[in-house]
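Accompanying notes for the structure given below.
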Amino acid sequence: QVNLVESGGGLVQPGGSLRLSCVNSDVKRRTSPINWYRRAPGEEREWVAGITVDSRHRKYADSVLGRFVISRDNTKNTVFLQMNNLKPEDTGTYYCYSPQFEAWGQGTQVTVTG
């Protein structure tokens, strides 16, 4: 069973950085493309970034392009989301998602406030 667990969220001032992690604890160590989504309070869920299994293809929402970087370490079954120059509008719960296994993590909270 694929089980995704996010971590790394927290409270940060505008302009700060955070690195989120998404660990796939699948005992069979199956890999999958991974997408990051976020949901701000009172808003719809928004796609943020995605990465293929081989890391050759990475895509970003316009709102985070140039500030966020998605990467992965398949030896650790982990996908990262490095978030730089954070803005208050980046506040929300961040989720990772495997489209291959249709699995969501439980989310990690990011709050950007000064």
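FYI, nothing fancy with the structure tokens labels: chains A, B, ... in order, residues from 1 per chain, ligands from 1 as they appear.
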
field: Test item: residues at most 10 Å from Gly114 (chain A), only C-alpha atoms, excluding those fewer than 3 positions along its chain, as a PyMOL selection string
entry: chain A and resi 11-15+87-88+111

task: Would you list the contacts of Val27 (chain A) as a list in words, taking every protein, DNA or RNA residue within 9 Å and counting only C-alpha atoms, but skipping same-chain residues closer than 2 positions in sequence?
output: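 Contacts, with the query itself left out: Gln1, Val2, Asn24, Ser25, Arg29 and Arg30 of chain A.
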
Can those selected residues be exported to a file as a CSV table (one decimal), in the first residue's frame so that it contains N, CA and C atoms?
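Saved file again-v8.csv follows:
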chain,number,residue,atom,x,y,z
A,1,GLN,N,0.9,-1.2,0.0
A,1,GLN,CA,0.0,0.0,0.0
A,1,GLN,C,0.9,1.2,0.0
A,2,VAL,N,0.5,2.2,-0.9
A,2,VAL,CA,1.3,3.4,-1.0
A,2,VAL,C,0.8,4.4,0.1
A,24,ASN,N,7.2,8.4,0.7
A,24,ASN,CA,6.4,7.3,0.3
A,24,ASN,C,6.8,6.1,1.0
A,25,SER,N,6.0,5.6,1.9
A,25,SER,CA,6.4,4.5,2.8
A,25,SER,C,6.0,3.1,2.2
A,29,ARG,N,8.4,-0.2,-2.3
A,29,ARG,CA,9.2,0.9,-2.9
A,29,ARG,C,8.9,1.2,-4.3
A,30,ARG,N,7.6,1.2,-4.6
A,30,ARG,CA,7.2,1.6,-6.0
A,30,ARG,C,7.3,3.1,-6.1

query: So which bits of region 34-111 of chain A end up strand (DSSP E or B) when you DSSP the backbone, as a PyMOL selection string?
result: chain A and resi 34-39+45-51+58-60+68-73+78-83+92-98+103-104+108-111

field: region 48-58 of chain A surroundings by only C-alpha atoms, 8 Å radius, close-in-sequence under 5 positions cut, as a count of residues only
entry: 12

task: Please provide as a list in words all residues within 9 Å of Gly10 (chain A), with the sequence filter that same-chain residues fewer than 2 positions apart are discarded (counting only C-alpha atoms).
output: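 Contacts, with the query itself left out: Gly8, Val12, Leu18, Thr108, Gln109, Val110, Thr111 and Val112 of chain A.
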
Could you save the residues just selected, with C-alpha atoms, as a PDB file, in the first residue's frame?
ATOM      1  CA  GLY A   8       8.344  20.407   6.871  1.00  0.00           C
ATOM      2  CA  VAL A  12       7.594  31.712   8.445  1.00  0.00           C
ATOM      3  CA  LEU A  18      10.715  26.174   3.902  1.00  0.00           C
ATOM      4  CA  THR A 108       1.351  19.865   6.189  1.00  0.00           C
ATOM      5  CA  GLN A 109       0.468  23.416   7.183  1.00  0.00           C
ATOM      6  CA  VAL A 110       2.402  26.393   5.858  1.00  0.00           C
ATOM      7  CA  THR A 111       1.705  29.823   7.293  1.00  0.00           C
ATOM      8  CA  VAL A 112       3.416  32.919   5.969  1.00  0.00           C
TER       9      VAL A 112
END

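You can rank A:Met83, A:Gly92, A:Cys22, A:Asp73 by their closest distance to Gly42 (chain A) using only C-alpha atoms, and at the top of that list sits A:Gly92.
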
message: Just to confirm, what's the straight-line distance from CA of Asn3 (chain A) to CA of Asp90 (chain A) in Å (one decimal)?
response: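 So the answer is 25.2 Å.
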
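The gap separating CA of Gly9 (chain A) from CA of Tyr94 (chain A) is 8.1 Å, in Å to one decimal.
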